[in-house]
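> Here it is, the structure, as structure tokens.
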Amino acid sequence: MLEKMADFNQEKVIEEFEATTKAAERVQIDTLKKILEENGSAEYLQNLGLNGRTDPESFKNCVPLVTHKELEPYIRRIADGDSSPILTGKPITTISLSSGTTQGKPKFVPFNDELMDSTMQIYRTSFAFRNKEFPLGNGKSLQFVYSSKQFKTKGGLPAGTATTNLFRNSQFKMSMKAIKSQPCSPDEVIFGPDFPQSLYCHLLCGLIFRDEVEFIFSTFAHSIMHAFKTFELVWEELCTDIREGVLSSRVTDPSVRTAVSKLLKPNPELADLISNKCSGLSNWYRLVPELFPNAKYIYGIMTGSMEPYLKKLRHYAGELPLLSADYGASEGWIGANVNPKLPPELATFAILPNIGFFEFIPLRENIEDQEPNFLCMEPKPVGLTEVKIGEDYEIIVTNFAGLYRYRLGDVVRVMGFHNSTPELKFVCRSNLLLNINIDKTTEKDLQLAVEEAGKVLGEEKVEVVDFTSHVESSTEPGHYVVFLEISGEASEEVLKECCNCLDRSFLDAGYVSSRKVKAIGALELRVVRRGTFQKILYHYLGLGGAVSQFKTPRCVGPTNNLVLQILCGNVVKSYFSVAF
Ligand code: AMP
């Protein structure tokens, strides 16, 4: 395995992918068989009466659809130190923490070597296709990656975010080297204990190696945008460090200081060059290609809840392509982006049929003989090769890390097929619905409404920095609240119009009709102080989340008290819509 990780043969990887996806149906049957054979001794499966059967029909008949809630007691026992085969044949020895941005607190999920292997398979596959279109030399990458602290569970198992577990895996570094993804920053920066210090050092290391930087990366695009926003504030200090060859006193962690200081030599020419470039830019447009003249692209997950940051990223990127990364979760990977040339708005993910067994719950209402499925009690999932182009589905995962028919909570749309495997577009989280009456508002609906409101703000050259929403049910009737952080001052008139525009832009028929009959109250726009969403980011980091995995929650539920408090405590202005 180690040898396989270290070598990288682009053509071979593509060939393997083509073969696996051509035989997707058979590969799915074989994969399920393998998962059930390897884990047949697990208590969870033993109790379900499969009795050694490994075919899809028996599997579907015996194994129930579950969410994290049903698996939690099993995962809890593993975390508490019970090393008997509970979910998997081989005991789970590491726990991942999902970012938990939607529920408010991180969830524990199993992590094992098989998950590590499938992660690398996804990375290698998308890299092979990416490198075909945008070949890299032997340079470096500026990676805004951060490993959060690993801690021990009650039972002594190491636990950390999935990205942390990856970074700390001994095979990871070698595998990343094979796919030309060597970071500019030393490990001490990635593993540094303080996020702002690590971010500052990532920027500094990027500048030191500016000519070698071939691409800019972070797991989620939010971190890339956040990094360059920070650059706007600290660039002069970075130039001083480079000019004098002395690291700023803001970096206090000894190991980070030592590692970065080793790279830093007085370089007044470089400092002047960067300073001149920054001074010459208009509102930081094209910052990235100016700083990194040999960069070929910016790479990270840019779909789903990251889409609202594309505008800002494009501003920094200028003509540099934005390449959207793969699709997966702490629970496991799903698909690779094998069409890297498509803009992020059109990015799709081809499922790798050998990393898990995938099922899909159709969501479209009025499918013949089928009840609306969103809230349906007994959804009837279809198989990987049975999905239909243009339809939306909730995705169900069975994998090598102890998840069986697990509802991931994501809605995906089938855009086409690569050979026999579906190419999915990420639509939204399924549980992120604003719902008061008969309305069903998704994360995507909210995003589109905020985009419309952004156009109104654009009249005053003000932009939406970030946003989220909430259902206010303490009023009768309840109403939607949209929290907006904006980049500057907007007039009362524009903000009032922005509020009306939001209300008008939720197009769900249930919402519109409920608003008309006042079964849902007037939408409320609450403008929050600059920096509020940064406070939310820090709140999640305080819970043990990693910056690399951070996603702004687009809907803050009543149980997510602390985030709601941060938002409500920072409201500077609020408006009620008069659109209806
Ligand atoms: P986490 O809880 O941190 O493991 O995040 C996993 C979730 O992030 C997934 O269930 C998706 O909702 C979201 N996600 C992951 N990859 C993508 C992607 N390529 N596009 C959109 N959303 C994604």
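Chain labels run A, B, ... following the order of the structure tokens; each chain numbers its residues from 1, and ligands are numbered from 1 in the order shown.
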Could you find all residues in stretch 267-499 of chain A that DSSP calls alpha helix (DSSP H) from the backbone, and write them as number ranges by chain?

A: 268-280, 287-291, 310-317, 443-458, 492-499

> Now that the selection is made, can you save its residues with N, CA and C atoms as a short mmCIF file (atom, residue, chain, number, x, y, z; two decimals), in the first residue's frame?


```
data_model
loop_
_atom_site.label_atom_id
_atom_site.label_comp_id
_atom_site.auth_asym_id
_atom_site.auth_seq_id
_atom_site.Cartn_x
_atom_site.Cartn_y
_atom_site.Cartn_z
N PRO A 268 15.04 42.74 1.36
CA PRO A 268 14.38 44.01 1.07
C PRO A 268 13.80 44.07 -0.34
N GLU A 269 14.45 43.41 -1.31
CA GLU A 269 13.92 43.46 -2.69
C GLU A 269 12.53 42.84 -2.75
N LEU A 270 12.42 41.66 -2.12
CA LEU A 270 11.11 40.98 -2.13
C LEU A 270 10.06 41.83 -1.40
N ALA A 271 10.48 42.41 -0.26
CA ALA A 271 9.54 43.24 0.50
C ALA A 271 9.07 44.42 -0.35
N ASP A 272 10.00 45.07 -1.06
CA ASP A 272 9.62 46.21 -1.90
C ASP A 272 8.68 45.78 -3.02
N LEU A 273 9.03 44.65 -3.61
CA LEU A 273 8.21 44.15 -4.73
C LEU A 273 6.76 43.91 -4.29
N ILE A 274 6.62 43.23 -3.15
CA ILE A 274 5.26 42.93 -2.67
C ILE A 274 4.55 44.22 -2.28
N SER A 275 5.29 45.09 -1.62
CA SER A 275 4.69 46.35 -1.19
C SER A 275 4.21 47.16 -2.41
N ASN A 276 5.04 47.21 -3.45
CA ASN A 276 4.65 47.95 -4.66
C ASN A 276 3.42 47.33 -5.32
N LYS A 277 3.43 45.99 -5.35
CA LYS A 277 2.28 45.31 -5.97
C LYS A 277 1.01 45.66 -5.21
N CYS A 278 1.08 45.57 -3.88
CA CYS A 278 -0.12 45.83 -3.07
C CYS A 278 -0.58 47.27 -3.26
N SER A 279 0.36 48.19 -3.26
CA SER A 279 -0.02 49.61 -3.39
C SER A 279 -0.63 49.88 -4.76
N GLY A 280 -0.24 49.09 -5.75
CA GLY A 280 -0.72 49.34 -7.11
C GLY A 280 -2.09 48.75 -7.41
N LEU A 287 -5.39 40.27 -6.65
CA LEU A 287 -4.33 40.12 -5.64
C LEU A 287 -3.55 38.81 -5.82
N VAL A 288 -4.26 37.71 -6.04
CA VAL A 288 -3.59 36.40 -6.05
C VAL A 288 -2.56 36.27 -7.19
N PRO A 289 -2.94 36.55 -8.45
CA PRO A 289 -1.91 36.42 -9.50
C PRO A 289 -0.77 37.43 -9.35
N GLU A 290 -1.06 38.57 -8.73
CA GLU A 290 0.03 39.54 -8.52
C GLU A 290 1.03 39.00 -7.50
N LEU A 291 0.49 38.40 -6.45
CA LEU A 291 1.41 37.88 -5.42
C LEU A 291 2.10 36.60 -5.88
N LEU A 310 -17.88 32.98 -3.90
CA LEU A 310 -17.22 32.95 -5.21
C LEU A 310 -16.93 34.35 -5.76
N LYS A 311 -17.86 35.25 -5.52
CA LYS A 311 -17.71 36.60 -6.07
C LYS A 311 -16.43 37.22 -5.52
N LYS A 312 -16.28 37.14 -4.22
CA LYS A 312 -15.09 37.71 -3.58
C LYS A 312 -13.83 36.98 -4.05
N LEU A 313 -13.92 35.65 -4.15
CA LEU A 313 -12.75 34.88 -4.60
C LEU A 313 -12.34 35.27 -6.02
N ARG A 314 -13.35 35.45 -6.88
CA ARG A 314 -13.04 35.83 -8.27
C ARG A 314 -12.39 37.19 -8.31
N HIS A 315 -12.79 38.05 -7.40
CA HIS A 315 -12.20 39.38 -7.32
C HIS A 315 -10.70 39.26 -7.01
N TYR A 316 -10.38 38.43 -6.04
CA TYR A 316 -8.96 38.22 -5.70
C TYR A 316 -8.22 37.48 -6.81
N ALA A 317 -8.95 36.58 -7.49
CA ALA A 317 -8.28 35.68 -8.44
C ALA A 317 -8.08 36.30 -9.82
N GLU A 443 -31.57 25.70 1.77
CA GLU A 443 -30.36 26.52 1.83
C GLU A 443 -30.15 27.24 0.49
N LYS A 444 -30.45 26.51 -0.58
CA LYS A 444 -30.27 27.09 -1.92
C LYS A 444 -31.24 28.26 -2.12
N ASP A 445 -32.49 28.10 -1.67
CA ASP A 445 -33.47 29.19 -1.80
C ASP A 445 -32.97 30.43 -1.06
N LEU A 446 -32.43 30.18 0.13
CA LEU A 446 -31.92 31.31 0.92
C LEU A 446 -30.78 32.00 0.19
N GLN A 447 -29.88 31.16 -0.35
CA GLN A 447 -28.72 31.71 -1.06
C GLN A 447 -29.17 32.59 -2.23
N LEU A 448 -30.17 32.11 -2.96
CA LEU A 448 -30.64 32.88 -4.12
C LEU A 448 -31.30 34.18 -3.68
N ALA A 449 -32.05 34.13 -2.57
CA ALA A 449 -32.71 35.35 -2.07
C ALA A 449 -31.64 36.36 -1.64
N VAL A 450 -30.61 35.87 -0.97
CA VAL A 450 -29.55 36.79 -0.52
C VAL A 450 -28.80 37.37 -1.73
N GLU A 451 -28.65 36.56 -2.78
CA GLU A 451 -28.00 37.07 -3.99
C GLU A 451 -28.80 38.24 -4.58
N GLU A 452 -30.12 38.08 -4.58
CA GLU A 452 -30.98 39.16 -5.09
C GLU A 452 -30.83 40.40 -4.22
N ALA A 453 -30.86 40.20 -2.90
CA ALA A 453 -30.72 41.33 -1.98
C ALA A 453 -29.35 42.00 -2.17
N GLY A 454 -28.34 41.16 -2.48
CA GLY A 454 -26.99 41.68 -2.72
C GLY A 454 -26.98 42.66 -3.89
N LYS A 455 -27.84 42.40 -4.87
CA LYS A 455 -27.89 43.31 -6.03
C LYS A 455 -28.40 44.68 -5.60
N VAL A 456 -29.36 44.68 -4.67
CA VAL A 456 -29.89 45.97 -4.18
C VAL A 456 -28.77 46.72 -3.45
N LEU A 457 -28.03 45.99 -2.62
CA LEU A 457 -26.93 46.63 -1.88
C LEU A 457 -25.84 47.13 -2.84
N GLY A 458 -25.68 46.38 -3.93
CA GLY A 458 -24.66 46.72 -4.92
C GLY A 458 -24.83 48.12 -5.46
N GLU A 492 -30.69 53.90 4.80
CA GLU A 492 -31.91 53.31 5.34
C GLU A 492 -32.80 52.81 4.19
N GLU A 493 -32.88 53.66 3.17
CA GLU A 493 -33.75 53.35 2.05
C GLU A 493 -33.35 52.04 1.38
N VAL A 494 -32.04 51.91 1.14
CA VAL A 494 -31.55 50.71 0.48
C VAL A 494 -31.75 49.48 1.37
N LEU A 495 -31.53 49.64 2.67
CA LEU A 495 -31.70 48.49 3.56
C LEU A 495 -33.17 48.05 3.63
N LYS A 496 -34.05 49.04 3.63
CA LYS A 496 -35.49 48.69 3.65
C LYS A 496 -35.84 47.93 2.37
N GLU A 497 -35.32 48.40 1.25
CA GLU A 497 -35.60 47.75 -0.03
C GLU A 497 -34.99 46.34 -0.05
N CYS A 498 -33.81 46.27 0.55
CA CYS A 498 -33.12 44.98 0.63
C CYS A 498 -33.98 43.98 1.40
N CYS A 499 -34.60 44.43 2.48
CA CYS A 499 -35.47 43.59 3.30
C CYS A 499 -36.69 43.14 2.49
#
```

> Could you build a table of the residues in chain A lying no more than 6 Å from ligand 1, giving for each the nearest pair of atoms and their separation in Å rounded to one decimal place, using only C-alpha atoms and all ligand atoms, ordered by chain and ascending residue number, as a Markdown table?


```
| residue | atom | partner | partner_atom_place_in_ligand_line | distance |
| --- | --- | --- | --- | --- |
| A:Ser98 | CA | ligand 1 | 2 (O) | 4.1 |
| A:Ser99 | CA | ligand 1 | 3 (O) | 3.9 |
| A:Gly100 | CA | ligand 1 | 2 (O) | 5.5 |
| A:Ile301 | CA | ligand 1 | 19 (N) | 5.0 |
| A:Thr303 | CA | ligand 1 | 20 (N) | 4.2 |
| A:Gly304 | CA | ligand 1 | 21 (C) | 3.8 |
| A:Ala325 | CA | ligand 1 | 19 (N) | 6.0 |
| A:Asp326 | CA | ligand 1 | 19 (N) | 4.8 |
| A:Tyr327 | CA | ligand 1 | 19 (N) | 3.7 |
| A:Gly328 | CA | ligand 1 | 16 (N) | 4.6 |
| A:Ala329 | CA | ligand 1 | 6 (C) | 3.6 |
| A:Ser330 | CA | ligand 1 | 4 (O) | 3.5 |
| A:Asp410 | CA | ligand 1 | 12 (O) | 5.5 |
| A:Phe426 | CA | ligand 1 | 21 (C) | 5.3 |
| A:Arg429 | CA | ligand 1 | 12 (O) | 5.4 |
| A:Gln549 | CA | ligand 1 | 3 (O) | 5.0 |
```

> For the selection just defined, write its residues with N, CA, C and O atoms to a file, as a CSV table (one decimal), in the first residue's frame.


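The resulting file, again.csv, is shown below:
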```csv
chain,number,residue,atom,x,y,z
A,98,SER,N,-17.2,15.6,13.1
A,98,SER,CA,-17.6,16.4,12.0
A,98,SER,C,-17.8,17.8,12.4
A,98,SER,O,-17.9,18.1,13.6
A,99,SER,N,-17.8,18.8,11.4
A,99,SER,CA,-17.8,20.2,11.8
A,99,SER,C,-19.0,20.6,12.6
A,99,SER,O,-18.9,21.5,13.4
A,100,GLY,N,-20.1,19.9,12.4
A,100,GLY,CA,-21.2,20.2,13.3
A,100,GLY,C,-21.8,21.6,13.1
A,100,GLY,O,-22.5,22.0,14.0
A,301,ILE,N,-13.2,23.3,-2.1
A,301,ILE,CA,-14.6,23.1,-2.3
A,301,ILE,C,-15.3,24.4,-2.4
A,301,ILE,O,-15.1,25.3,-1.5
A,303,THR,N,-18.5,24.7,-3.8
A,303,THR,CA,-20.0,24.4,-4.1
A,303,THR,C,-20.8,24.5,-2.8
A,303,THR,O,-20.2,24.7,-1.7
A,304,GLY,N,-22.1,24.4,-2.9
A,304,GLY,CA,-22.9,24.4,-1.7
A,304,GLY,C,-22.8,25.7,-1.0
A,304,GLY,O,-22.9,26.8,-1.5
A,325,ALA,N,-13.2,21.5,-5.6
A,325,ALA,CA,-12.7,20.2,-5.2
A,325,ALA,C,-13.9,19.2,-5.0
A,325,ALA,O,-15.0,19.5,-5.3
A,326,ASP,N,-13.5,18.0,-4.4
A,326,ASP,CA,-14.4,16.9,-4.4
A,326,ASP,C,-15.5,17.0,-3.3
A,326,ASP,O,-15.6,17.9,-2.6
A,327,TYR,N,-16.3,15.9,-3.3
A,327,TYR,CA,-17.5,15.9,-2.4
A,327,TYR,C,-17.4,14.7,-1.4
A,327,TYR,O,-17.2,13.6,-1.8
A,328,GLY,N,-17.5,15.1,-0.2
A,328,GLY,CA,-17.4,14.1,0.9
A,328,GLY,C,-17.8,14.7,2.2
A,328,GLY,O,-18.3,15.8,2.3
A,329,ALA,N,-17.6,13.9,3.2
A,329,ALA,CA,-18.0,14.3,4.6
A,329,ALA,C,-17.0,13.6,5.5
A,329,ALA,O,-16.3,12.6,5.1
A,330,SER,N,-17.1,14.0,6.8
A,330,SER,CA,-16.3,13.3,7.8
A,330,SER,C,-16.6,11.8,7.8
A,330,SER,O,-15.8,11.0,8.1
A,410,ASP,N,-27.6,15.1,3.0
A,410,ASP,CA,-27.4,16.0,1.8
A,410,ASP,C,-28.4,15.7,0.7
A,410,ASP,O,-28.7,14.6,0.5
A,426,PHE,N,-24.1,19.1,-5.9
A,426,PHE,CA,-24.6,19.3,-4.5
A,426,PHE,C,-25.7,20.3,-4.5
A,426,PHE,O,-25.5,21.4,-5.0
A,429,ARG,N,-28.1,21.0,2.2
A,429,ARG,CA,-28.4,20.1,3.3
A,429,ARG,C,-29.9,19.8,3.4
A,429,ARG,O,-30.6,20.8,3.2
A,549,GLN,N,-12.5,23.0,8.1
A,549,GLN,CA,-13.8,22.4,7.8
A,549,GLN,C,-15.0,23.3,8.1
A,549,GLN,O,-16.2,22.9,8.0
```

> So, with only C-alpha atoms as the atoms that count, which of A:Thr348, A:Ser474, A:Met415, A:His222 lies closest to A:Lys551?

A:His222

> A:Glu72: which residues within 8 Å, counting only C-alpha atoms, same-chain residues fewer than 4 positions away excluded, as an mmCIF file with C-alpha atoms, in the first residue's frame?


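Dumped to part_38.cif:
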```
data_model
loop_
_atom_site.group_PDB
_atom_site.id
_atom_site.type_symbol
_atom_site.label_atom_id
_atom_site.label_comp_id
_atom_site.auth_asym_id
_atom_site.auth_seq_id
_atom_site.Cartn_x
_atom_site.Cartn_y
_atom_site.Cartn_z
ATOM 1 C CA HIS A 68 -26.395 9.768 13.238
ATOM 2 C CA ARG A 76 -20.312 6.348 22.090
ATOM 3 C CA PHE A 108 -18.425 11.751 16.619
#
```

> Which one of A:Thr54, A:Phe417, A:Asn500, A:Tyr200 sits closest to A:Thr31 if you count only C-alpha atoms?

A:Thr54
